[in-house]
file work_12.cif (mmCIF, C-alpha atoms and all ligand atoms)
data_entry
#
loop_
_atom_site.label_atom_id
_atom_site.label_comp_id
_atom_site.auth_asym_id
_atom_site.auth_seq_id
_atom_site.Cartn_x
_atom_site.Cartn_y
_atom_site.Cartn_z
CA MET A 1 0.00 0.00 0.00
CA ASN A 2 1.22 3.50 -0.83
CA THR A 3 0.35 6.63 1.14
CA VAL A 4 0.34 10.15 -0.26
CA THR A 5 -0.14 13.04 2.16
CA VAL A 6 -1.85 16.26 1.12
CA ASN A 7 -1.11 19.45 3.05
CA ALA A 8 -3.80 21.84 1.89
CA SER A 9 -6.43 23.70 3.96
CA LYS A 10 -6.94 20.24 5.45
CA ASN A 11 -4.14 17.72 5.85
CA TYR A 12 -5.13 14.24 4.77
CA ASN A 13 -3.80 10.93 3.59
CA ILE A 14 -4.58 9.10 0.39
CA TYR A 15 -4.14 5.33 0.67
CA ILE A 16 -3.62 3.36 -2.53
CA GLY A 17 -3.65 -0.42 -2.33
CA SER A 18 -5.41 -3.66 -3.17
CA GLY A 19 -8.12 -5.08 -0.90
CA LEU A 20 -8.60 -1.86 1.09
CA ILE A 21 -12.40 -2.04 0.80
CA ASN A 22 -12.34 -5.02 3.17
CA ARG A 23 -10.22 -3.07 5.68
CA CYS A 24 -11.81 0.36 5.34
CA GLY A 25 -13.60 0.24 8.73
CA GLU A 26 -10.39 -0.27 10.69
CA MET A 27 -8.52 2.28 8.57
CA ILE A 28 -11.15 4.99 9.01
CA LYS A 29 -11.49 4.23 12.73
CA ASN A 30 -7.73 4.59 13.25
CA GLU A 31 -7.59 7.91 11.46
CA LEU A 32 -10.92 9.62 12.18
CA GLY A 33 -12.53 7.69 15.06
CA VAL A 34 -15.80 5.80 15.24
CA CYS A 35 -19.06 7.59 14.41
CA SER A 36 -22.13 7.23 12.21
CA ALA A 37 -21.19 6.90 8.53
CA ALA A 38 -23.56 7.84 5.70
CA ILE A 39 -22.53 6.01 2.54
CA ILE A 40 -23.43 7.80 -0.69
CA THR A 41 -23.21 5.69 -3.83
CA ASP A 42 -24.89 4.82 -7.12
CA ASP A 43 -26.83 1.67 -8.01
CA ASN A 44 -23.96 0.07 -9.98
CA VAL A 45 -21.36 0.52 -7.28
CA ASN A 46 -23.89 -0.37 -4.59
CA ARG A 47 -24.38 -3.76 -6.19
CA LEU A 48 -20.65 -4.45 -6.38
CA TYR A 49 -19.06 -3.01 -3.25
CA ALA A 50 -21.44 -1.45 -0.69
CA ASP A 51 -22.02 -4.65 1.32
CA ARG A 52 -18.29 -5.15 1.84
CA VAL A 53 -17.80 -1.52 2.88
CA ILE A 54 -20.69 -1.71 5.34
CA ALA A 55 -19.53 -5.04 6.80
CA SER A 56 -16.04 -3.63 7.39
CA LEU A 57 -17.41 -0.42 8.94
CA GLU A 58 -19.85 -2.24 11.22
CA GLU A 59 -17.19 -4.67 12.32
CA ALA A 60 -15.09 -1.66 13.38
CA GLY A 61 -18.04 -0.26 15.38
CA PHE A 62 -19.57 2.29 12.99
CA ARG A 63 -23.30 2.82 12.65
CA THR A 64 -24.00 2.92 8.91
CA VAL A 65 -26.77 4.30 6.74
CA LYS A 66 -26.76 4.27 2.94
CA LEU A 67 -28.27 6.37 0.17
CA VAL A 68 -28.21 4.95 -3.36
CA PHE A 69 -29.08 7.00 -6.45
CA THR A 70 -29.32 6.00 -10.11
CA HIS A 71 -25.94 6.06 -11.87
CA GLY A 72 -25.31 8.71 -14.51
CA GLU A 73 -24.96 12.44 -14.99
CA ASP A 74 -28.72 13.08 -14.58
CA SER A 75 -28.34 12.30 -10.89
CA LYS A 76 -25.72 15.01 -10.42
CA SER A 77 -28.54 17.42 -9.73
CA VAL A 78 -29.90 19.77 -7.09
CA ALA A 79 -32.77 17.28 -6.62
CA THR A 80 -30.36 14.46 -5.64
CA TYR A 81 -28.42 16.89 -3.46
CA THR A 82 -31.54 17.84 -1.48
CA ASP A 83 -32.49 14.14 -1.24
CA ILE A 84 -29.09 13.51 0.36
CA LEU A 85 -29.54 16.40 2.82
CA SER A 86 -32.99 15.15 3.85
CA PHE A 87 -31.61 11.63 4.19
CA LEU A 88 -28.81 12.85 6.47
CA ALA A 89 -31.25 14.81 8.64
CA GLU A 90 -33.76 11.94 8.84
CA ASN A 91 -30.98 9.59 9.92
CA GLN A 92 -29.73 11.90 12.69
CA ILE A 93 -26.31 12.49 11.16
CA THR A 94 -24.55 15.03 13.41
CA ARG A 95 -21.51 17.30 13.12
CA SER A 96 -19.26 14.56 14.47
CA ASP A 97 -20.40 12.05 11.84
CA MET A 98 -19.20 11.48 8.29
CA ILE A 99 -20.15 10.96 4.68
CA ILE A 100 -18.35 8.27 2.70
CA SER A 101 -18.58 8.67 -1.06
CA LEU A 102 -18.22 5.30 -2.73
CA GLY A 103 -17.85 5.20 -6.51
CA GLY A 104 -16.77 7.41 -9.39
CA GLY A 105 -16.83 11.16 -9.82
CA ILE A 106 -20.58 11.60 -9.38
CA PRO A 107 -20.94 9.98 -5.93
CA GLY A 108 -17.71 11.81 -5.06
CA ASP A 109 -19.07 15.21 -6.06
CA MET A 110 -22.53 14.64 -4.56
CA GLY A 111 -21.23 13.30 -1.26
CA GLY A 112 -18.53 15.96 -1.13
CA PHE A 113 -20.89 18.87 -1.67
CA ALA A 114 -23.34 17.46 0.88
CA ALA A 115 -20.46 17.02 3.38
CA ALA A 116 -19.31 20.60 2.73
CA THR A 117 -22.73 22.08 3.42
CA PHE A 118 -24.70 19.80 5.78
CA LEU A 119 -24.48 21.33 9.28
CA ARG A 120 -21.85 23.69 7.74
CA GLY A 121 -19.47 20.81 7.14
CA ILE A 122 -19.02 17.24 8.36
CA LYS A 123 -16.26 14.67 7.92
CA PHE A 124 -15.81 13.33 4.43
CA VAL A 125 -14.11 10.19 3.10
CA GLN A 126 -13.64 9.45 -0.58
CA MET A 127 -13.52 5.84 -1.78
CA PRO A 128 -12.98 6.03 -5.56
CA THR A 129 -13.82 2.95 -7.64
CA THR A 130 -12.99 4.27 -11.13
CA LEU A 131 -9.56 5.16 -12.52
CA LEU A 132 -10.78 8.66 -13.34
CA SER A 133 -11.94 9.35 -9.80
CA ALA A 134 -8.84 7.69 -8.32
CA VAL A 135 -6.42 9.95 -10.20
CA ASP A 136 -8.49 13.11 -10.43
CA SER A 137 -11.82 13.89 -8.78
CA SER A 138 -11.28 12.17 -5.41
CA VAL A 139 -8.22 14.33 -4.76
CA GLY A 140 -8.14 18.10 -4.41
CA GLY A 141 -11.50 19.06 -2.95
CA LYS A 142 -13.57 20.14 -5.96
CA THR A 143 -17.23 19.25 -5.35
CA ALA A 144 -20.19 20.35 -7.44
CA VAL A 145 -23.66 19.64 -8.80
CA ASN A 146 -25.11 20.58 -12.18
CA LEU A 147 -27.88 23.05 -12.94
CA PRO A 148 -30.12 22.84 -16.01
CA GLN A 149 -28.04 25.79 -17.28
CA GLY A 150 -24.72 23.92 -17.15
CA LYS A 151 -22.35 21.49 -15.47
CA ASN A 152 -20.78 22.06 -12.05
CA LEU A 153 -22.40 25.46 -11.55
CA VAL A 154 -22.95 25.01 -7.79
CA GLY A 155 -20.26 23.64 -5.54
CA ALA A 156 -17.54 24.15 -2.98
CA PHE A 157 -13.87 23.52 -2.43
CA TYR A 158 -13.99 20.96 0.36
CA GLN A 159 -11.03 18.67 0.93
CA PRO A 160 -11.76 15.12 2.11
CA ASP A 161 -10.45 13.92 5.49
CA MET A 162 -9.17 10.71 3.94
CA VAL A 163 -9.09 8.96 0.56
CA ILE A 164 -9.07 5.16 0.33
CA CYS A 165 -8.36 3.91 -3.17
CA ASP A 166 -8.73 0.15 -3.52
CA TYR A 167 -7.54 -0.41 -7.08
CA SER A 168 -8.84 -3.99 -7.13
CA ALA A 169 -12.23 -2.28 -7.68
CA LEU A 170 -10.97 -1.23 -11.14
CA ASP A 171 -11.08 -4.89 -12.22
CA THR A 172 -14.85 -4.65 -12.69
CA LEU A 173 -14.69 -1.51 -14.87
CA PRO A 174 -15.80 -1.87 -18.50
CA ASP A 175 -12.81 -1.35 -20.84
CA GLU A 176 -14.07 1.99 -22.13
CA ILE A 177 -14.49 3.38 -18.60
CA PHE A 178 -10.95 2.28 -17.75
CA ALA A 179 -9.70 3.94 -20.95
CA ASP A 180 -11.45 7.14 -19.87
CA GLY A 181 -9.25 7.27 -16.80
CA CYS A 182 -6.16 6.53 -18.92
CA ALA A 183 -6.66 9.85 -20.72
CA GLU A 184 -6.25 11.71 -17.41
CA VAL A 185 -3.26 9.54 -16.47
CA ILE A 186 -1.52 10.39 -19.77
CA LYS A 187 -2.40 14.06 -19.25
CA TYR A 188 -0.33 14.15 -16.02
CA GLY A 189 2.76 12.99 -17.92
CA ILE A 190 2.32 15.61 -20.63
CA ILE A 191 1.70 18.54 -18.30
CA LEU A 192 4.05 17.74 -15.43
CA ASP A 193 6.40 14.79 -15.76
CA GLU A 194 8.34 13.80 -18.86
CA GLU A 195 9.78 10.72 -17.14
CA PHE A 196 6.28 9.51 -16.24
CA PHE A 197 5.17 10.04 -19.85
CA SER A 198 8.11 7.89 -21.03
CA PHE A 199 7.08 5.25 -18.52
CA LEU A 200 3.56 5.23 -19.98
CA LYS A 201 5.01 4.96 -23.46
CA ASN A 202 6.97 1.86 -22.53
CA ASN A 203 4.69 0.18 -20.00
CA ASP A 204 1.13 -0.96 -19.51
CA ILE A 205 -1.07 1.09 -17.16
CA LYS A 206 -3.06 -1.88 -15.80
CA GLU A 207 0.05 -3.90 -15.07
CA ASN A 208 1.52 -1.01 -13.08
CA ILE A 209 -1.65 0.33 -11.54
CA GLU A 210 -0.38 1.01 -8.00
CA TYR A 211 2.59 3.03 -9.25
CA VAL A 212 0.51 4.82 -11.90
CA ILE A 213 -2.23 5.94 -9.49
CA THR A 214 0.32 6.94 -6.87
CA ARG A 215 2.35 9.04 -9.31
CA CYS A 216 -0.76 10.80 -10.66
CA VAL A 217 -1.99 11.54 -7.14
CA GLU A 218 1.44 12.91 -6.13
CA LEU A 219 1.48 15.17 -9.19
CA LYS A 220 -2.05 16.40 -8.52
CA ARG A 221 -1.26 16.87 -4.81
CA ASP A 222 1.67 19.15 -5.65
CA ILE A 223 -0.53 21.34 -7.86
CA VAL A 224 -3.42 21.45 -5.37
CA CYS A 225 -1.07 22.46 -2.56
CA LEU A 226 0.22 25.36 -4.67
CA ASP A 227 -3.20 26.56 -5.84
CA GLU A 228 -6.04 24.95 -3.92
CA LYS A 229 -8.69 27.42 -5.06
CA ASP A 230 -7.81 27.16 -8.75
CA THR A 231 -6.79 30.75 -9.44
CA GLY A 232 -3.52 30.00 -11.27
CA ILE A 233 -1.31 26.95 -11.80
CA ARG A 234 -4.13 24.45 -11.10
CA GLY A 235 -5.53 25.50 -14.46
CA ILE A 236 -2.94 23.32 -16.22
CA LEU A 237 -4.93 20.28 -15.08
CA ASN A 238 -7.43 21.40 -17.71
CA PHE A 239 -5.07 20.53 -20.58
CA GLY A 240 -7.27 19.15 -23.37
CA HIS A 241 -10.44 19.99 -21.44
CA THR A 242 -11.67 23.21 -23.12
CA ILE A 243 -11.82 21.65 -26.56
CA GLY A 244 -12.63 18.28 -25.01
CA HIS A 245 -15.70 19.79 -23.37
CA ALA A 246 -16.77 21.23 -26.73
CA ILE A 247 -16.45 17.73 -28.22
CA GLU A 248 -18.54 16.19 -25.43
CA ILE A 249 -21.30 18.75 -25.95
CA ASN A 250 -21.25 18.44 -29.75
CA SER A 251 -21.72 14.69 -29.35
CA SER A 252 -24.55 15.18 -26.81
CA PHE A 253 -22.27 13.30 -24.41
CA GLU A 254 -22.10 10.22 -26.68
CA ILE A 255 -18.33 10.76 -26.64
CA SER A 256 -17.15 10.14 -23.08
CA HIS A 257 -15.17 12.65 -21.03
CA GLY A 258 -11.88 10.74 -21.33
CA SER A 259 -12.22 10.22 -25.07
CA ALA A 260 -13.06 13.89 -25.54
CA VAL A 261 -10.07 14.96 -23.42
CA ALA A 262 -7.82 12.65 -25.47
CA ILE A 263 -8.91 14.35 -28.71
CA GLY A 264 -8.74 17.77 -27.01
CA MET A 265 -5.12 17.14 -26.01
CA ILE A 266 -4.20 16.31 -29.61
CA ILE A 267 -5.90 19.46 -30.93
CA ALA A 268 -4.22 21.58 -28.24
CA ALA A 269 -0.75 20.11 -28.93
CA LYS A 270 -1.04 20.36 -32.72
CA GLY A 271 -2.70 23.79 -32.61
CA ALA A 272 0.03 25.11 -30.30
CA PHE A 273 2.80 23.91 -32.62
CA ASN A 274 1.14 25.05 -35.85
CA THR A 275 0.42 28.54 -34.46
CA GLY A 276 3.95 28.95 -33.09
CA MET A 277 2.88 28.87 -29.42
CA SER A 278 4.92 25.76 -28.85
CA GLU A 279 8.37 25.08 -30.26
CA VAL A 280 7.98 21.32 -30.21
CA ASP A 281 5.44 19.17 -31.99
CA LEU A 282 4.27 16.57 -29.48
CA THR A 283 1.29 15.45 -31.55
CA GLU A 284 2.64 12.11 -32.76
CA THR A 285 4.19 11.04 -29.47
CA ILE A 286 0.97 11.84 -27.55
CA LYS A 287 -1.10 10.05 -30.22
CA GLU A 288 0.99 6.92 -29.88
CA VAL A 289 0.34 6.62 -26.13
CA LEU A 290 -3.37 7.45 -26.46
CA ILE A 291 -3.88 4.84 -29.20
CA LYS A 292 -1.99 2.25 -27.15
CA ASN A 293 -4.56 2.88 -24.40
CA HIS A 294 -7.57 2.52 -26.74
CA LEU A 295 -8.40 6.21 -26.89
CA PRO A 296 -9.51 8.18 -29.96
CA VAL A 297 -7.29 10.91 -31.41
CA SER A 298 -9.62 12.69 -33.84
CA CYS A 299 -13.24 13.69 -34.24
CA GLU A 300 -15.60 14.61 -37.06
CA TYR A 301 -16.71 18.03 -35.81
CA SER A 302 -15.87 21.13 -37.80
CA PRO A 303 -13.63 23.77 -36.21
CA GLU A 304 -16.59 26.17 -36.28
CA LYS A 305 -18.76 23.80 -34.26
CA LEU A 306 -16.03 23.27 -31.66
CA PHE A 307 -15.30 27.00 -31.51
CA ASP A 308 -18.99 27.87 -31.03
CA VAL A 309 -19.22 25.74 -27.91
CA ALA A 310 -15.73 26.41 -26.53
CA CYS A 311 -16.22 30.16 -26.72
CA SER A 312 -20.03 30.44 -26.42
CA ASP A 313 -20.01 32.53 -23.26
CA LYS A 314 -17.03 34.67 -24.24
CA LYS A 315 -17.83 35.68 -27.79
CA ARG A 316 -20.31 38.38 -26.91
CA ALA A 317 -17.98 39.98 -24.39
CA GLY A 318 -15.21 39.93 -27.02
CA GLY A 319 -13.04 38.41 -24.30
CA SER A 320 -10.18 36.03 -24.20
CA ILE A 321 -9.80 32.35 -23.48
CA THR A 322 -6.99 30.57 -21.64
CA LEU A 323 -5.76 27.51 -23.45
CA ILE A 324 -3.32 25.11 -21.84
CA VAL A 325 -0.53 24.31 -24.27
CA PRO A 326 2.65 22.23 -24.03
CA GLU A 327 5.98 24.06 -24.03
CA LYS A 328 7.77 20.73 -24.07
CA MET A 329 6.99 17.22 -22.86
CA GLY A 330 6.32 17.45 -19.10
CA LYS A 331 5.65 21.20 -19.09
CA CYS A 332 2.43 22.98 -20.00
CA VAL A 333 1.49 26.62 -19.59
CA GLY A 334 -1.71 28.64 -19.82
CA LYS A 335 -1.84 31.04 -22.80
CA LYS A 336 -4.49 33.70 -22.93
CA ILE A 337 -5.61 34.26 -26.50
CA PRO A 338 -8.32 36.56 -27.83
CA VAL A 339 -11.52 34.75 -28.73
CA SER A 340 -11.04 36.08 -32.27
CA GLU A 341 -7.91 33.90 -32.61
CA THR A 342 -9.39 30.74 -31.11
CA LEU A 343 -11.03 29.53 -34.30
CA ASP A 344 -7.67 29.67 -36.12
CA PHE A 345 -6.06 27.77 -33.23
CA ILE A 346 -8.65 24.98 -33.49
CA LYS A 347 -8.28 24.88 -37.30
CA ALA A 348 -4.52 24.55 -36.86
CA GLY A 349 -5.06 21.69 -34.42
CA LEU A 350 -7.46 19.57 -36.44
N1 LIG B 401 -10.01 18.23 -12.29
C1 LIG B 401 -9.28 19.41 -12.25
C2 LIG B 401 -9.00 19.92 -10.89
O1 LIG B 401 -9.20 19.22 -9.92
O2 LIG B 401 -8.58 21.06 -10.78
#

call {"tool": "encode", "arguments": {"input": "work_12.cif", "output": "structure tokens"}}
result
Amino acid sequence: MNTVTVNASKNYNIYIGSGLINRCGEMIKNELGVCSAAIITDDNVNRLYADRVIASLEEAGFRTVKLVFTHGEDSKSVATYTDILSFLAENQITRSDMIISLGGGIPGDMGGFAAATFLRGIKFVQMPTTLLSAVDSSVGGKTAVNLPQGKNLVGAFYQPDMVICDYSALDTLPDEIFADGCAEVIKYGIILDEEFFSFLKNNDIKENIEYVITRCVELKRDIVCLDEKDTGIRGILNFGHTIGHAIEINSSFEISHGSAVAIGMIIAAKGAFNTGMSEVDLTETIKEVLIKNHLPVSCEYSPEKLFDVACSDKKRAGGSITLIVPEKMGKCVGKKIPVSETLDFIKAGL
């Protein structure tokens, strides 16, 4: 088992190992004490792992209650959020109790935002069961719910008190969901660590899962500690995401987040080189690693369609957009460009 410590507005440990679900009760008890634990999860993860989590918690002396919502983005709503709050109140969860989010990014965000706001903040444990949530959303304290007007419009920065990542849970992930997480893994190499990127080029992610998750979490930890509230350097974690988000929306979310980010990273790398923002052309080397991990590297949308979504809120104001671009392998920077130049950037990247 590896341990990564985060020293942000809260200090907490991230534990990465196999079989931790069966030991979670003892681990949480040792670190945070015994209390009532409200488990927040979705129906898929509930079926696979909730019984084992509850058995371990109860064996360690916790009282447990569980709220299960339907998996999928539609549940990341204000309605589910208020259901969780009512559930916590009805089950007499107090300020000394905790929420445990079990699952991918959506249970993580829902449980995290409820923990941040119920009784003005209660203890919060993340137990990620997808690669994406293990390397990204379970670390760093971003929590949010969607509004009909857009994604993640209501939320809070609220660091967990503990993260328990049992990577044996990734064994049950469908291949395309695992690949989704691989896009974020590869992103860390491109933006922060050339050596890690070379490792990914020469090695298999699944076969090296403990090291891969640990390295990603360390890299994210370093950025979060520098810029917890996302006003500067943390923005580089969005490499590939601005155009990726435009791809997701153009596909009506048929193209998954990870696939869209993979294509977005290619467009950003190629666009940066072809417009002279970057002196090196990383397109082919990034493509190679994405393809090896079963991720797409191109899409059928026109530059105009991508531009319309990427800049929809900024066009009227005649503003600028910050694109994350590679300077070299292992180093990305944010470049502010006028909206009027963004279409040419996307054209250069396609
Ligand atoms: N997922 C990007 C961040 O945590 O800032």

call {"tool": "residues_near_ligand", "arguments": {"input": "work_12.cif", "ligand": "ligand LIG 401 (chain B)", "cutoff": "8 Å", "atoms": "all atoms listed in the file", "output": "list in words"}}
result
Asp136, Ser137, Val139, Gly140, Gly141, Lys142, Lys220, Val224, Asp230, Arg234, Gly235, Leu237 and Asn238 of chain A

call {"tool": "residues_around", "arguments": {"input": "work_12.cif", "residues": "segment 143-160 of chain A", "least_positions_apart": "5", "cutoff": "9 Å", "atoms": "all atoms listed in the file", "output": "count of residues only"}}
result
32

call {"tool": "atom_distance", "arguments": {"input": "work_12.cif", "atom1": "atom CA of Lys305 of chain A", "atom2": "atom CA of Lys270 of chain A"}}
result
18.1 Å

call {"tool": "closest_residue", "arguments": {"input": "work_12.cif", "among": "A:Ala37, A:Val309, A:Ala55, A:Val185", "to": "Ile249 of chain A", "atoms": "all atoms listed in the file"}}
result
A:Val309

call {"tool": "residues_around", "arguments": {"input": "work_12.cif", "residues": "Pro174 of chain A", "least_positions_apart": "4", "cutoff": "12 Å", "atoms": "all atoms listed in the file", "output": "short mmCIF file (atom, residue, chain, number, x, y, z; two decimals) with C-alpha atoms, in the frame of the given file"}}
result
data_model
loop_
_atom_site.label_atom_id
_atom_site.label_comp_id
_atom_site.auth_asym_id
_atom_site.auth_seq_id
_atom_site.Cartn_x
_atom_site.Cartn_y
_atom_site.Cartn_z
CA ASN A 44 -23.96 0.07 -9.98
CA THR A 130 -12.99 4.27 -11.13
CA LEU A 131 -9.56 5.16 -12.52
CA ALA A 169 -12.23 -2.28 -7.68
CA LEU A 170 -10.97 -1.23 -11.14
CA PHE A 178 -10.95 2.28 -17.75
CA ALA A 179 -9.70 3.94 -20.95
CA ASP A 180 -11.45 7.14 -19.87
CA GLY A 181 -9.25 7.27 -16.80
#

call {"tool": "atom_distance", "arguments": {"input": "work_12.cif", "atom1": "atom CA of Ser133 of chain A", "atom2": "atom CA of Lys335 of chain A"}}
result
27.2 Å

call {"tool": "closest_residue", "arguments": {"input": "work_12.cif", "among": "A:His257, A:Arg23, A:His71, A:Lys66", "to": "Val45 of chain A", "atoms": "all atoms listed in the file"}}
result
A:His71

call {"tool": "closest_residue", "arguments": {"input": "work_12.cif", "among": "A:Ile243, A:Val163, A:Ala60, A:Phe118", "to": "Gly103 of chain A", "atoms": "all atoms listed in the file"}}
result
A:Val163

call {"tool": "closest_residue", "arguments": {"input": "work_12.cif", "among": "A:Arg63, A:Arg95, A:Arg47, A:Arg52", "to": "Lys29 of chain A", "atoms": "all atoms listed in the file"}}
result
A:Arg63

call {"tool": "residues_around", "arguments": {"input": "work_12.cif", "residues": "Asn293 of chain A", "least_positions_apart": "5", "cutoff": "9 Å", "atoms": "all atoms listed in the file", "output": "MDAnalysis selection string"}}
result
chainID A and resid 179 182:183 204:205 288

call {"tool": "atom_distance", "arguments": {"input": "work_12.cif", "atom1": "atom CA of Leu88 of chain A", "atom2": "atom CA of Val34 of chain A"}}
result
17.2 Å

call {"tool": "residues_around", "arguments": {"input": "work_12.cif", "residues": "Ile16 of chain A", "least_positions_apart": "2", "cutoff": "9 Å", "atoms": "only C-alpha atoms", "output": "PyMOL selection string"}}
result
chain A and resi 1-4+14+18+20+134+163-167+210+213-214

call {"tool": "write_last_selection", "arguments": {"input": "work_12.cif", "atoms": "C-alpha atoms", "output": "PDB file, keeping the file's coordinate frame"}}
result
ATOM      1  CA  MET A   1       0.000   0.000   0.000  1.00  0.00           C
ATOM      2  CA  ASN A   2       1.220   3.500  -0.830  1.00  0.00           C
ATOM      3  CA  THR A   3       0.350   6.630   1.140  1.00  0.00           C
ATOM      4  CA  VAL A   4       0.340  10.150  -0.260  1.00  0.00           C
ATOM      5  CA  ILE A  14      -4.580   9.100   0.390  1.00  0.00           C
ATOM      6  CA  SER A  18      -5.410  -3.660  -3.170  1.00  0.00           C
ATOM      7  CA  LEU A  20      -8.600  -1.860   1.090  1.00  0.00           C
ATOM      8  CA  ALA A 134      -8.840   7.690  -8.320  1.00  0.00           C
ATOM      9  CA  VAL A 163      -9.090   8.960   0.560  1.00  0.00           C
ATOM     10  CA  ILE A 164      -9.070   5.160   0.330  1.00  0.00           C
ATOM     11  CA  CYS A 165      -8.360   3.910  -3.170  1.00  0.00           C
ATOM     12  CA  ASP A 166      -8.730   0.150  -3.520  1.00  0.00           C
ATOM     13  CA  TYR A 167      -7.540  -0.410  -7.080  1.00  0.00           C
ATOM     14  CA  GLU A 210      -0.380   1.010  -8.000  1.00  0.00           C
ATOM     15  CA  ILE A 213      -2.230   5.940  -9.490  1.00  0.00           C
ATOM     16  CA  THR A 214       0.320   6.940  -6.870  1.00  0.00           C
TER      17      THR A 214
END

call {"tool": "residues_near_point", "arguments": {"input": "work_12.cif", "point": "(0.0, 19.8, -15.4)", "cutoff": "6 Å", "atoms": "all atoms listed in the file", "output": "list in words"}}
result
Tyr188, Ile191, Leu192, Ile236 and Leu237 of chain A

call {"tool": "closest_residue", "arguments": {"input": "work_12.cif", "among": "A:Glu341, A:Gly349, A:Cys332, A:Leu32", "to": "Thr283 of chain A", "atoms": "all atoms listed in the file"}}
result
A:Gly349
